[in-house]
Amino acid sequence: RLAATFTPQGRPMPAAAPGRDEFEEHRREAGLLAGDFEGANVISGYASYAFNPQLAAELRFSQLLGNASDGQLLAAGLTHVFRPDWRVQPFVSIGAGMIRIQPKATLVQAPDRSDELAFVGAGVKVYLSRQFIFRAEYNKYVVFTDRDENEEPTEWKLGFAFFF
């Protein structure tokens, strides 16, 4: 254990475990979430960097696993935490990115689709212990297709993250 380590002068090494104070002011965060993207299973990873305790830039990658098609989603956005001093932190997010859909057609080979998208979302982060966070979020997307109408899928995810 690091707590039982001594300095060269023979004094105990100061090694405090990250706690609630570090949770309120952490700069970097990464996590994995899973959930539902308009009926398809979604597995998502993200990394974020906080400019201050309330505003962070986020990069997201998601793998979509559906019955009729699979896909990948890559997006960047901003996340705003309303109360960084609370153990349970509500947040909102906004961003844009790309989605690529690969249909699982067997009779007729359907083309892959790549489209731009934008999203808004809301969620909550809960400090669990040390460096671990539980995260739940809901996102509403607008996929800008080259057809006559855009798509508006919804997504919810639950998962765990850590901060450093």
# chains A, B, ... in the order shown; residues from 1 in each chain; ligands from 1
call {"tool": "select_by_dssp", "arguments": {"residues": "segment 5-125 of chain A", "states": "strand (DSSP E)", "output": "PyMOL selection string"}}
result
chain A and resi 28-37+40-50+55-65+69-81+88-103+113-125
call {"tool": "closest_atom_pairs", "arguments": {"of": "segment 35-99 of chain A", "to": "segment 136-146 of chain A", "cutoff": "12 Å", "atoms": "only C-alpha atoms", "output": "Markdown table"}}
result
| residue | atom | partner | partner_atom | distance |
| --- | --- | --- | --- | --- |
| A:Gly35 | CA | A:Glu137 | CA | 9.5 |
| A:Asp36 | CA | A:Tyr138 | CA | 9.7 |
| A:Phe37 | CA | A:Asn139 | CA | 9.1 |
| A:Glu38 | CA | A:Lys140 | CA | 10.0 |
| A:Ser44 | CA | A:Glu137 | CA | 11.6 |
| A:Leu73 | CA | A:Val143 | CA | 10.9 |
| A:Ala75 | CA | A:Tyr141 | CA | 10.9 |
| A:Gly77 | CA | A:Asn139 | CA | 11.9 |
| A:Thr79 | CA | A:Glu137 | CA | 11.4 |
| A:Val88 | CA | A:Ala136 | CA | 11.0 |
| A:Gln89 | CA | A:Ala136 | CA | 10.6 |
| A:Pro90 | CA | A:Glu137 | CA | 9.6 |
| A:Phe91 | CA | A:Glu137 | CA | 8.8 |
| A:Val92 | CA | A:Glu137 | CA | 8.9 |
| A:Ser93 | CA | A:Asn139 | CA | 8.4 |
| A:Ile94 | CA | A:Asn139 | CA | 9.0 |
| A:Gly95 | CA | A:Tyr141 | CA | 9.5 |
| A:Ala96 | CA | A:Tyr141 | CA | 9.0 |
| A:Gly97 | CA | A:Val143 | CA | 9.4 |
| A:Met98 | CA | A:Val143 | CA | 8.5 |
| A:Ile99 | CA | A:Val143 | CA | 7.9 |
call {"tool": "atom_distance", "arguments": {"atom1": "atom CA of Leu117 of chain A", "atom2": "atom CA of Arg135 of chain A"}}
result
22.7 Å
call {"tool": "closest_residue", "arguments": {"among": "A:Ala50, A:Ile43, A:Val81, A:Ala105", "to": "Ala68 of chain A", "atoms": "only C-alpha atoms"}}
result
A:Ala105
call {"tool": "atom_distance", "arguments": {"atom1": "atom CA of Pro53 of chain A", "atom2": "atom CA of Glu25 of chain A"}}
result
5.4 Å
